[in-house]
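start_7.cif, holding mmCIF, C-alpha atoms:
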data_entry
loop_
_atom_site.group_PDB
_atom_site.id
_atom_site.type_symbol
_atom_site.label_atom_id
_atom_site.label_comp_id
_atom_site.auth_asym_id
_atom_site.auth_seq_id
_atom_site.Cartn_x
_atom_site.Cartn_y
_atom_site.Cartn_z
ATOM 1 C CA MET D 1 -4.211 -0.824 -20.927
ATOM 2 C CA THR D 2 -6.925 -0.726 -18.262
ATOM 3 C CA LEU D 3 -6.908 1.642 -15.301
ATOM 4 C CA LEU D 4 -5.842 -1.161 -12.971
ATOM 5 C CA ASP D 5 -3.090 -2.301 -15.359
ATOM 6 C CA SER D 6 -1.407 1.101 -14.943
ATOM 7 C CA TYR D 7 -0.266 -0.222 -11.530
ATOM 8 C CA GLN D 8 1.205 -3.463 -12.873
ATOM 9 C CA THR D 9 4.824 -2.246 -12.829
ATOM 10 C CA THR D 10 4.802 0.043 -9.791
ATOM 11 C CA GLN D 11 2.474 -1.972 -7.519
ATOM 12 C CA PRO D 12 2.572 -5.595 -8.724
ATOM 13 C CA ILE D 13 1.099 -7.175 -5.580
ATOM 14 C CA PRO D 14 -2.049 -4.984 -5.314
ATOM 15 C CA TRP D 15 -2.421 -5.188 -9.096
ATOM 16 C CA GLN D 16 -2.347 -8.977 -9.100
ATOM 17 C CA LEU D 17 -4.711 -9.388 -6.132
ATOM 18 C CA PHE D 18 -7.319 -6.896 -7.294
ATOM 19 C CA ARG D 19 -7.096 -8.002 -10.914
ATOM 20 C CA ALA D 20 -8.020 -11.534 -9.892
ATOM 21 C CA GLY D 21 -10.723 -10.342 -7.481
ATOM 22 C CA LEU D 22 -12.351 -7.937 -9.934
ATOM 23 C CA GLN D 23 -12.352 -10.437 -12.795
ATOM 24 C CA ALA D 24 -13.892 -13.103 -10.563
ATOM 25 C CA GLY D 25 -16.292 -10.636 -8.932
ATOM 26 C CA CYS D 26 -15.233 -11.684 -5.438
ATOM 27 C CA LEU D 27 -13.515 -8.821 -3.629
ATOM 28 C CA SER D 28 -13.122 -8.924 0.124
ATOM 29 C CA HIS D 29 -15.316 -6.539 2.150
ATOM 30 C CA ALA D 30 -12.363 -4.858 3.913
ATOM 31 C CA TYR D 31 -8.717 -4.205 3.070
ATOM 32 C CA LEU D 32 -5.839 -2.728 5.019
ATOM 33 C CA PHE D 33 -3.299 -1.019 2.765
ATOM 34 C CA GLN D 34 0.145 -0.715 4.350
ATOM 35 C CA GLY D 35 3.039 1.243 2.891
ATOM 36 C CA GLN D 36 5.046 4.443 3.081
ATOM 37 C CA ASP D 37 3.316 6.439 0.338
ATOM 38 C CA LEU D 38 -0.125 7.331 1.690
ATOM 39 C CA SER D 39 -0.959 9.437 -1.345
ATOM 40 C CA LYS D 40 -0.367 6.553 -3.769
ATOM 41 C CA MET D 41 -2.473 4.189 -1.661
ATOM 42 C CA TYR D 42 -5.250 6.778 -1.413
ATOM 43 C CA GLN D 43 -5.191 7.297 -5.191
ATOM 44 C CA PHE D 44 -5.334 3.519 -5.686
ATOM 45 C CA ALA D 45 -8.456 3.437 -3.483
ATOM 46 C CA LEU D 46 -10.062 6.217 -5.545
ATOM 47 C CA ASP D 47 -9.199 4.430 -8.805
ATOM 48 C CA LEU D 48 -10.692 1.241 -7.405
ATOM 49 C CA ALA D 49 -13.857 3.207 -6.587
ATOM 50 C CA LYS D 50 -13.928 4.386 -10.213
ATOM 51 C CA ILE D 51 -13.660 0.835 -11.508
ATOM 52 C CA LEU D 52 -16.446 -0.373 -9.216
ATOM 53 C CA ASN D 53 -18.801 2.493 -10.113
ATOM 54 C CA CYS D 54 -18.029 3.195 -13.784
ATOM 55 C CA GLN D 55 -21.190 3.308 -15.880
ATOM 56 C CA ALA D 56 -19.594 2.699 -19.279
ATOM 57 C CA SER D 57 -16.524 0.442 -19.126
ATOM 58 C CA PRO D 58 -16.983 -3.118 -20.487
ATOM 59 C CA GLU D 59 -13.856 -4.320 -18.662
ATOM 60 C CA PRO D 60 -14.066 -5.416 -14.979
ATOM 61 C CA THR D 61 -10.650 -3.823 -14.279
ATOM 62 C CA ASP D 62 -11.185 -0.537 -16.116
ATOM 63 C CA ALA D 63 -13.074 2.760 -15.861
ATOM 64 C CA CYS D 64 -14.042 5.047 -18.746
ATOM 65 C CA GLY D 65 -13.080 8.272 -16.950
ATOM 66 C CA GLN D 66 -15.910 10.149 -18.697
ATOM 67 C CA CYS D 67 -19.190 9.023 -17.133
ATOM 68 C CA ARG D 68 -20.826 10.910 -14.280
ATOM 69 C CA ASN D 69 -19.534 8.558 -11.584
ATOM 70 C CA CYS D 70 -15.955 8.622 -12.908
ATOM 71 C CA LEU D 71 -15.937 12.421 -13.066
ATOM 72 C CA TRP D 72 -17.358 12.753 -9.554
ATOM 73 C CA ILE D 73 -14.755 10.386 -8.142
ATOM 74 C CA GLN D 74 -12.018 12.144 -10.112
ATOM 75 C CA ASP D 75 -13.052 15.321 -8.283
ATOM 76 C CA ASN D 76 -13.241 13.354 -4.998
ATOM 77 C CA ALA D 77 -16.842 14.491 -4.710
ATOM 78 C CA HIS D 78 -18.887 11.290 -5.157
ATOM 79 C CA PRO D 79 -21.336 10.788 -2.253
ATOM 80 C CA ALA D 80 -20.679 7.046 -2.241
ATOM 81 C CA VAL D 81 -16.892 7.440 -1.821
ATOM 82 C CA MET D 82 -16.231 8.596 1.731
ATOM 83 C CA THR D 83 -12.965 9.543 3.432
ATOM 84 C CA VAL D 84 -13.135 9.197 7.211
ATOM 85 C CA SER D 85 -10.416 10.868 9.276
ATOM 86 C CA ARG D 86 -10.150 13.255 12.203
ATOM 87 C CA LEU D 87 -10.706 16.162 9.795
ATOM 88 C CA THR D 88 -13.062 14.694 7.178
ATOM 89 C CA TRP D 89 -16.562 13.217 7.241
ATOM 90 C CA LEU D 90 -17.405 15.341 10.252
ATOM 91 C CA SER D 91 -20.619 15.026 12.212
ATOM 92 C CA PRO D 92 -22.463 18.265 13.085
ATOM 93 C CA GLU D 93 -21.583 17.617 16.726
ATOM 94 C CA ASP D 94 -17.871 17.671 15.873
ATOM 95 C CA THR D 95 -17.827 20.762 13.653
ATOM 96 C CA GLY D 96 -15.738 23.594 15.055
ATOM 97 C CA LYS D 97 -14.085 21.425 17.732
ATOM 98 C CA LYS D 98 -10.458 20.422 18.074
ATOM 99 C CA ARG D 99 -10.417 16.790 16.945
ATOM 100 C CA THR D 100 -7.708 14.360 18.004
ATOM 101 C CA ARG D 101 -9.593 11.168 17.130
ATOM 102 C CA ILE D 102 -12.242 9.731 14.856
ATOM 103 C CA THR D 103 -15.313 10.190 17.038
ATOM 104 C CA THR D 104 -18.357 8.061 17.771
ATOM 105 C CA HIS D 105 -20.462 10.770 16.109
ATOM 106 C CA GLN D 106 -18.587 10.259 12.826
ATOM 107 C CA ILE D 107 -19.008 6.471 12.949
ATOM 108 C CA ARG D 108 -22.691 6.827 13.890
ATOM 109 C CA ASP D 109 -23.374 9.124 10.923
ATOM 110 C CA LEU D 110 -21.314 6.900 8.611
ATOM 111 C CA LEU D 111 -23.278 3.784 9.550
ATOM 112 C CA ALA D 112 -26.549 5.685 9.150
ATOM 113 C CA GLN D 113 -25.472 6.689 5.642
ATOM 114 C CA LEU D 114 -24.490 3.115 4.771
ATOM 115 C CA SER D 115 -27.886 1.851 5.894
ATOM 116 C CA HIS D 116 -29.619 3.813 3.104
ATOM 117 C CA ARG D 117 -30.282 2.110 -0.209
ATOM 118 C CA SER D 118 -27.860 3.062 -2.984
ATOM 119 C CA GLU D 119 -27.235 1.945 -6.552
ATOM 120 C CA ALA D 120 -23.558 2.894 -6.220
ATOM 121 C CA ARG D 121 -20.807 0.705 -4.778
ATOM 122 C CA ARG D 122 -19.771 2.480 -1.583
ATOM 123 C CA VAL D 123 -16.073 2.783 -0.809
ATOM 124 C CA VAL D 124 -15.130 4.008 2.690
ATOM 125 C CA ILE D 125 -11.497 5.058 3.128
ATOM 126 C CA PHE D 126 -10.171 5.376 6.690
ATOM 127 C CA THR D 127 -6.997 7.371 7.207
ATOM 128 C CA ASP D 128 -5.523 10.038 9.465
ATOM 129 C CA SER D 129 -4.926 13.595 8.309
ATOM 130 C CA GLU D 130 -3.649 16.980 9.336
ATOM 131 C CA GLU D 131 -4.036 20.537 8.105
ATOM 132 C CA ARG D 132 -1.009 22.528 7.000
ATOM 133 C CA GLY D 133 -0.326 25.804 5.239
ATOM 134 C CA PRO D 134 -0.959 26.308 1.516
ATOM 135 C CA GLN D 135 2.759 26.362 0.702
ATOM 136 C CA GLU D 136 2.997 22.596 1.222
ATOM 137 C CA ALA D 137 1.695 20.987 -1.954
ATOM 138 C CA VAL D 138 -0.483 17.879 -1.743
ATOM 139 C CA SER D 139 -0.429 15.047 -4.266
ATOM 140 C CA VAL D 140 -4.083 14.029 -3.847
ATOM 141 C CA LEU D 141 -7.240 16.088 -4.073
ATOM 142 C CA PRO D 142 -8.928 16.385 -0.636
ATOM 143 C CA PRO D 143 -12.570 15.320 -0.305
ATOM 144 C CA PHE D 144 -15.085 17.836 -1.629
ATOM 145 C CA GLU D 145 -16.774 18.257 1.750
ATOM 146 C CA TRP D 146 -13.461 19.329 3.348
ATOM 147 C CA ARG D 147 -12.747 21.790 0.533
ATOM 148 C CA GLN D 148 -16.195 23.347 0.929
ATOM 149 C CA ALA D 149 -16.131 23.642 4.731
ATOM 150 C CA PRO D 150 -15.901 27.203 6.160
ATOM 151 C CA GLY D 151 -12.435 28.436 7.127
ATOM 152 C CA GLN D 152 -10.409 26.228 4.806
ATOM 153 C CA ASP D 153 -8.865 29.111 2.853
ATOM 154 C CA GLY D 154 -5.099 29.079 3.300
ATOM 155 C CA LYS D 155 -5.035 25.417 4.399
ATOM 156 C CA SER D 156 -4.009 22.158 2.769
ATOM 157 C CA LEU D 157 -4.976 18.643 3.826
ATOM 158 C CA HIS D 158 -2.258 15.998 4.208
ATOM 159 C CA LEU D 159 -2.742 12.280 4.760
ATOM 160 C CA LEU D 160 -1.202 10.481 7.739
ATOM 161 C CA PRO D 161 -1.143 6.738 8.493
ATOM 162 C CA LEU D 162 -3.749 5.316 10.825
ATOM 163 C CA SER D 163 -2.507 4.510 14.321
ATOM 164 C CA ARG D 164 -4.031 2.879 17.376
ATOM 165 C CA SER D 165 -4.771 6.266 18.947
ATOM 166 C CA VAL D 166 -6.859 7.593 16.018
ATOM 167 C CA PHE D 167 -9.951 5.580 16.988
ATOM 168 C CA SER D 168 -11.562 5.993 20.395
ATOM 169 C CA ARG D 169 -12.663 2.756 22.031
ATOM 170 C CA GLU D 170 -16.306 3.707 21.559
ATOM 171 C CA SER D 171 -15.904 4.579 17.875
ATOM 172 C CA VAL D 172 -14.062 1.376 16.966
ATOM 173 C CA ASN D 173 -16.589 -0.756 18.881
ATOM 174 C CA ARG D 174 -19.391 0.809 16.844
ATOM 175 C CA LEU D 175 -17.521 -0.044 13.655
ATOM 176 C CA LEU D 176 -16.542 -3.644 14.420
ATOM 177 C CA LYS D 177 -20.014 -5.149 14.081
ATOM 178 C CA THR D 178 -20.360 -3.639 10.617
ATOM 179 C CA LEU D 179 -16.910 -4.999 9.656
ATOM 180 C CA GLU D 180 -18.063 -8.448 10.801
ATOM 181 C CA GLU D 181 -21.415 -8.292 8.960
ATOM 182 C CA PRO D 182 -20.888 -5.785 6.146
ATOM 183 C CA ASN D 183 -23.336 -4.612 3.550
ATOM 184 C CA PRO D 184 -22.389 -6.507 0.351
ATOM 185 C CA ASN D 185 -22.393 -3.213 -1.547
ATOM 186 C CA THR D 186 -19.782 -1.577 0.703
ATOM 187 C CA LEU D 187 -15.988 -1.790 0.617
ATOM 188 C CA PHE D 188 -13.842 -0.617 3.558
ATOM 189 C CA ILE D 189 -10.210 0.432 3.044
ATOM 190 C CA PHE D 190 -7.814 1.372 5.865
ATOM 191 C CA LEU D 191 -4.542 3.208 5.120
ATOM 192 C CA THR D 192 -1.487 2.902 7.358
ATOM 193 C CA ASP D 193 2.285 2.501 7.239
ATOM 194 C CA THR D 194 2.300 -0.896 8.951
ATOM 195 C CA ALA D 195 -0.472 -3.178 10.186
ATOM 196 C CA GLU D 196 1.205 -3.319 13.603
ATOM 197 C CA ASN D 197 0.097 0.279 14.205
ATOM 198 C CA VAL D 198 -3.598 -0.516 13.745
ATOM 199 C CA LEU D 199 -5.862 -2.108 16.340
ATOM 200 C CA ASP D 200 -5.764 -5.907 16.165
ATOM 201 C CA THR D 201 -9.555 -6.048 16.152
ATOM 202 C CA VAL D 202 -9.569 -4.070 12.907
ATOM 203 C CA VAL D 203 -6.638 -5.880 11.268
ATOM 204 C CA SER D 204 -8.196 -9.305 11.932
ATOM 205 C CA ARG D 205 -11.258 -8.300 9.904
ATOM 206 C CA CYS D 206 -9.267 -7.065 6.889
ATOM 207 C CA GLN D 207 -7.149 -8.495 4.107
ATOM 208 C CA VAL D 208 -3.725 -6.861 4.480
ATOM 209 C CA ILE D 209 -2.041 -5.706 1.252
ATOM 210 C CA SER D 210 1.472 -4.289 1.136
ATOM 211 C CA PHE D 211 2.232 -1.425 -1.235
ATOM 212 C CA ALA D 212 5.730 -1.119 -2.617
ATOM 213 C CA HIS D 213 8.208 1.566 -1.705
ATOM 214 C CA PRO D 214 9.199 3.609 -4.750
ATOM 215 C CA LEU D 215 11.916 1.950 -6.806
ATOM 216 C CA LYS D 216 14.573 4.511 -7.711
ATOM 217 C CA GLU D 217 17.389 3.836 -10.130
ATOM 218 C CA GLU D 218 19.571 6.420 -8.397
ATOM 219 C CA GLY D 219 19.605 4.622 -5.088
ATOM 220 C CA VAL D 220 17.948 2.581 -2.355
ATOM 221 C CA LEU D 221 15.740 4.331 0.182
ATOM 222 C CA PRO D 222 16.843 4.254 3.865
ATOM 223 C CA ALA D 223 13.947 1.989 4.891
ATOM 224 C CA GLN D 224 14.787 -0.408 2.066
ATOM 225 C CA GLU D 225 18.490 -0.330 2.939
ATOM 226 C CA SER D 226 17.784 -1.288 6.550
ATOM 227 C CA LEU D 227 15.774 -4.366 5.531
ATOM 228 C CA LEU D 228 18.286 -5.468 2.901
ATOM 229 C CA THR D 229 21.227 -5.088 5.294
ATOM 230 C CA GLY D 230 19.537 -7.408 7.786
ATOM 231 C CA PHE D 231 18.673 -9.969 5.127
ATOM 232 C CA LEU D 232 22.110 -10.042 3.494
ATOM 233 C CA GLU D 233 23.692 -10.867 6.843
ATOM 234 C CA ALA D 234 22.178 -14.352 6.420
ATOM 235 C CA LEU D 235 24.283 -14.854 3.293
ATOM 236 C CA ARG D 236 27.558 -14.391 5.173
ATOM 237 C CA VAL D 237 27.453 -18.039 6.231
ATOM 238 C CA PRO D 238 29.765 -20.228 4.081
ATOM 239 C CA ALA D 239 27.901 -21.966 1.242
ATOM 240 C CA SER D 240 28.653 -25.420 2.691
ATOM 241 C CA ARG D 241 26.746 -24.525 5.901
ATOM 242 C CA ARG D 242 24.003 -22.467 4.300
ATOM 243 C CA ASP D 243 20.382 -23.654 4.150
ATOM 244 C CA PRO D 244 18.944 -22.083 0.961
ATOM 245 C CA TYR D 245 15.353 -22.934 1.936
ATOM 246 C CA GLN D 246 15.732 -21.195 5.271
ATOM 247 C CA ILE D 247 17.178 -18.159 3.478
ATOM 248 C CA GLN D 248 14.228 -18.265 1.057
ATOM 249 C CA GLU D 249 11.857 -18.018 4.035
ATOM 250 C CA LEU D 250 13.831 -15.016 5.311
ATOM 251 C CA PHE D 251 13.733 -13.478 1.820
ATOM 252 C CA GLU D 252 9.940 -13.735 1.743
ATOM 253 C CA SER D 253 9.312 -12.572 5.328
ATOM 254 C CA GLN D 254 12.038 -9.902 5.653
ATOM 255 C CA VAL D 255 12.136 -8.470 2.120
ATOM 256 C CA LEU D 256 9.183 -9.335 -0.132
ATOM 257 C CA GLU D 257 6.368 -8.849 2.376
ATOM 258 C CA PRO D 258 7.600 -5.686 4.190
ATOM 259 C CA LEU D 259 8.587 -3.939 0.949
ATOM 260 C CA GLY D 260 5.618 -5.181 -1.056
ATOM 261 C CA VAL D 261 7.730 -6.060 -4.099
ATOM 262 C CA THR D 262 8.030 -9.000 -6.454
ATOM 263 C CA PRO D 263 11.114 -11.281 -6.339
ATOM 264 C CA GLU D 264 12.414 -9.693 -9.545
ATOM 265 C CA GLN D 265 12.065 -6.189 -8.062
ATOM 266 C CA ALA D 266 13.692 -7.311 -4.807
ATOM 267 C CA LEU D 267 16.737 -8.626 -6.694
ATOM 268 C CA LEU D 268 16.959 -5.298 -8.525
ATOM 269 C CA LEU D 269 16.959 -3.522 -5.156
ATOM 270 C CA ILE D 270 19.748 -5.808 -3.927
ATOM 271 C CA GLN D 271 21.760 -4.951 -7.035
ATOM 272 C CA GLN D 272 21.252 -1.222 -6.407
ATOM 273 C CA TYR D 273 22.140 -1.685 -2.734
ATOM 274 C CA LEU D 274 25.382 -3.523 -3.597
ATOM 275 C CA ARG D 275 26.243 -0.857 -6.174
ATOM 276 C CA GLN D 276 25.880 1.873 -3.545
ATOM 277 C CA ARG D 277 27.987 -0.026 -1.031
ATOM 278 C CA HIS D 278 30.712 -0.770 -3.594
ATOM 279 C CA VAL D 279 30.947 2.862 -4.763
ATOM 280 C CA GLN D 280 31.296 4.051 -1.169
ATOM 281 C CA LYS D 281 34.338 1.799 -0.537
ATOM 282 C CA PRO D 282 37.919 2.411 -1.756
ATOM 283 C CA PRO D 283 38.837 0.437 -4.932
ATOM 284 C CA ASP D 284 39.968 -3.100 -4.185
ATOM 285 C CA LEU D 285 40.490 -5.793 -6.832
ATOM 286 C CA LYS D 286 39.336 -8.713 -4.691
ATOM 287 C CA SER D 287 36.149 -7.008 -3.505
ATOM 288 C CA PHE D 288 35.422 -5.840 -7.051
ATOM 289 C CA ARG D 289 35.620 -9.420 -8.339
ATOM 290 C CA VAL D 290 33.167 -10.555 -5.644
ATOM 291 C CA TYR D 291 30.890 -7.622 -6.415
ATOM 292 C CA ALA D 292 30.970 -8.344 -10.179
ATOM 293 C CA ARG D 293 30.218 -12.033 -9.585
ATOM 294 C CA TRP D 294 27.219 -11.171 -7.419
ATOM 295 C CA GLN D 295 25.886 -8.672 -9.925
ATOM 296 C CA LYS D 296 26.186 -11.179 -12.771
ATOM 297 C CA GLN D 297 24.378 -13.921 -10.857
ATOM 298 C CA LEU D 298 21.643 -11.558 -9.649
ATOM 299 C CA SER D 299 21.058 -10.372 -13.227
ATOM 300 C CA GLN D 300 20.880 -13.963 -14.505
ATOM 301 C CA THR D 301 18.344 -14.883 -11.837
ATOM 302 C CA ARG D 302 16.229 -11.833 -12.669
ATOM 303 C CA ARG D 303 16.205 -12.870 -16.330
ATOM 304 C CA MET D 304 15.158 -16.399 -15.364
ATOM 305 C CA ILE D 305 12.211 -15.002 -13.395
ATOM 306 C CA MET D 306 11.241 -12.708 -16.271
ATOM 307 C CA ASP D 307 11.335 -15.770 -18.591
ATOM 308 C CA ALA D 308 8.567 -17.362 -16.483
ATOM 309 C CA VAL D 309 10.781 -19.583 -14.337
ATOM 310 C CA ARG D 310 9.155 -20.082 -10.927
ATOM 311 C CA PRO D 311 10.563 -17.263 -8.736
ATOM 312 C CA ASP D 312 10.974 -19.443 -5.636
ATOM 313 C CA LEU D 313 12.988 -22.075 -7.530
ATOM 314 C CA ALA D 314 15.176 -19.425 -9.128
ATOM 315 C CA THR D 315 15.926 -17.634 -5.856
ATOM 316 C CA VAL D 316 16.548 -20.851 -3.879
ATOM 317 C CA ALA D 317 19.183 -21.748 -6.483
ATOM 318 C CA LEU D 318 20.621 -18.244 -6.125
ATOM 319 C CA TRP D 319 21.028 -18.505 -2.355
ATOM 320 C CA GLN D 320 22.726 -21.889 -2.762
ATOM 321 C CA TRP D 321 25.157 -20.475 -5.338
ATOM 322 C CA LEU D 322 25.983 -17.217 -3.529
#

Structure encoded using structure tokens:
Amino acid sequence: MTLLDSYQTTQPIPWQLFRAGLQAGCLSHAYLFQGQDLSKMYQFALDLAKILNCQASPEPTDACGQCRNCLWIQDNAHPAVMTVSRLTWLSPEDTGKKRTRITTHQIRDLLAQLSHRSEARRVVIFTDSEERGPQEAVSVLPPFEWRQAPGQDGKSLHLLPLSRSVFSRESVNRLLKTLEEPNPNTLFIFLTDTAENVLDTVVSRCQVISFAHPLKEEGVLPAQESLLTGFLEALRVPASRRDPYQIQELFESQVLEPLGVTPEQALLLIQQYLRQRHVQKPPDLKSFRVYARWQKQLSQTRRMIMDAVRPDLATVALWQWL
């Protein structure tokens, strides 16, 4: 299994897109990752940097983990892999100041660095961040330059999603020209919870990729539950008046895209959601029969998709039947 293939089950959409791009050697110059788990998206960006800079792997989607570049990136200390936030990649002019935004000084120094010749594939990760006490554990290793800065003892760095207020107007204007005419050896990655919270001028220059919420067997997350509740309302219409193709469009726009899951994973979430709702209600024979019928049909459709039946055809038939 390659490094990228380790994401096949948990992040099928990013895995599929980057697998195709890496094998064809035609990645986009800028991506916007949207999702709820900033740490997982940040780690994906670091793993992508490993794959692009590995000195030993024969596979376009893998990294050896042992060469100098892999070890540097593993330690989040490679000079070609840069994390830009309010608290990282600081310009000398910004050191020691209270920082509420990514400044023009940071963007100026970043662009100056990118203008220098380099054999490495540069990966620039934009995110927001905040400093907290040491008792709050972090799931990603902060950049080396933050760890080595004076006064960091007793602090931990936590990632936050980018928002419209993180960039000043001057800093984003400096960046836009580079996003329009990028260096072919540079990859930009922006991390946020939803693309709607990022400036339109940035989003329009990026390929937006949704990262999945965690799938938990013990239950559906609140954000997932809210989306599924809204979608399942469309299935309350009697089958004789239901338009399965219209419901399929709702399924894609209101479930698959926001959650960043495959159709098979979405049907599993619906099954978990229905299980939760059924357990919460008092026993009732009629409702149990409806619940059991739904679960059986959802399971059959999932098996059809897993057996290489086209997902859209399988789910359209499901909406017509339910």

Considering only C-alpha atoms, return as a PyMOL selection string whatever protein or nucleic-acid residues lie within 12 Å of Leu256 in chain D, sequence-local ones (same chain, fewer than 2 positions apart) excluded.
-> chain D and resi 12-13+209-213+224+227-228+231+248-254+258-267+269-270+311-312

Any idea what the distance is between CA of Ala234 in chain D and CA of Trp319 in chain D?
-> 9.8 Å

Check what the PyMOL selection byres ((chain D and resi 79-85) around 8) selects in the file above and give those residues as a count of residues only.
-> 24

Leu32 in chain D environment, 10 Å, only C-alpha atoms, sequence neighbours closer than 6 positions dropped, as a VMD selection string | chain D and resid 125 to 126 188 to 195 198 202 to 210

Per residue of range 141-251 of chain D within 12 Å of range 52-68 of chain D, note the shortest atom pair and the distance in Å to one decimal, counting all atoms listed in the file, and order the rows by chain and increasing residue number, as a tab-separated table.
residue	atom	partner	partner_atom	distance
D:Asn185	CA	D:Leu52	CA	10.1
D:Thr186	CA	D:Leu52	CA	10.5
D:Leu187	CA	D:Leu52	CA	9.9

Find the residues near His105 in chain D: any atom within 7 Å, counting all atoms listed in the file, skip ones fewer than 2 places away on the same chain, and give them as a list in words.
->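 In the requested format, the answer is Ser91, Glu93, Thr103, Ile107, Arg108 and Asp109 of chain D.
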
Among the residues D:Gly25, D:Glu131, D:Ser139, D:Ala20, the one that comes closest to Ser39 in chain D [using only C-alpha atoms] |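 Counting only C-alpha atoms, the residue closest to Ser39 in chain D is D:Ser139.
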
Counting only C-alpha atoms, the option among D:Val220, D:Met306, D:Val316, D:Leu179 closest to Tyr273 in chain D =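 Ranking D:Val220, D:Met306, D:Val316, D:Leu179 by distance to Tyr273 in chain D, first place goes to D:Val220.
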
Quick one: distance from CA of His278 in chain D to CA of Arg241 in chain D in Å, one decimal?
->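 That distance, rounded to one decimal, is 25.9 Å.
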
Mind giving me the straight-line distance from CA of Asp75 in chain D to CA of Val140 in chain D in Å, one decimal?
-> 10.1 Å

Step by step, work through what the PyMOL selection byres ((chain D and resi 301-305) around 9) selects in the shown file, and finish by giving those residues as an NGL selection string.
-> :D and (263-265 or 267-268 or 296-300 or 306-311 or 314-315 or 317-318)

Determine, counting all atoms listed in the file, which protein, DNA and RNA residues have an atom within 10 Å of an atom of Asn173 in chain D; residues of the same chain fewer than 3 positions away are not included. Present the result as a PyMOL selection string.
-> chain D and resi 104+107+167-170+176-178+201-202

Selected residues written out, C-alpha atoms, as an mmCIF file, in the coordinates of the input:
data_model
loop_
_atom_site.group_PDB
_atom_site.id
_atom_site.type_symbol
_atom_site.label_atom_id
_atom_site.label_comp_id
_atom_site.auth_asym_id
_atom_site.auth_seq_id
_atom_site.Cartn_x
_atom_site.Cartn_y
_atom_site.Cartn_z
ATOM 1 C CA THR D 104 -18.357 8.061 17.771
ATOM 2 C CA ILE D 107 -19.008 6.471 12.949
ATOM 3 C CA PHE D 167 -9.951 5.580 16.988
ATOM 4 C CA SER D 168 -11.562 5.993 20.395
ATOM 5 C CA ARG D 169 -12.663 2.756 22.031
ATOM 6 C CA GLU D 170 -16.306 3.707 21.559
ATOM 7 C CA LEU D 176 -16.542 -3.644 14.420
ATOM 8 C CA LYS D 177 -20.014 -5.149 14.081
ATOM 9 C CA THR D 178 -20.360 -3.639 10.617
ATOM 10 C CA THR D 201 -9.555 -6.048 16.152
ATOM 11 C CA VAL D 202 -9.569 -4.070 12.907
#

Please tell me which residues are no farther than 7 Å from (28.4, -14.8, -7.1) in the file, counting all atoms listed in the file, and write them as an MDAnalysis selection string.
-> chainID D and resid 290 293:294 297 321:322

Report, as lines of an AutoDock Vina configuration file, the axis-aligned box around all atoms of range 72-85 of chain D present in the file, extended by 8 Å on each side; give centre and edge lengths in Å to one decimal place.
center_x = -15.9
center_y = 11.2
center_z = -0.4
size_x = 26.9
size_y = 24.3
size_z = 35.4

Tell me which of D:Ser115, D:Gln8, D:Gln271, D:Gln276 sits closest to Gln295 in chain D, counting only C-alpha atoms.
->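 Ranking D:Ser115, D:Gln8, D:Gln271, D:Gln276 by distance to Gln295 in chain D, first place goes to D:Gln271.
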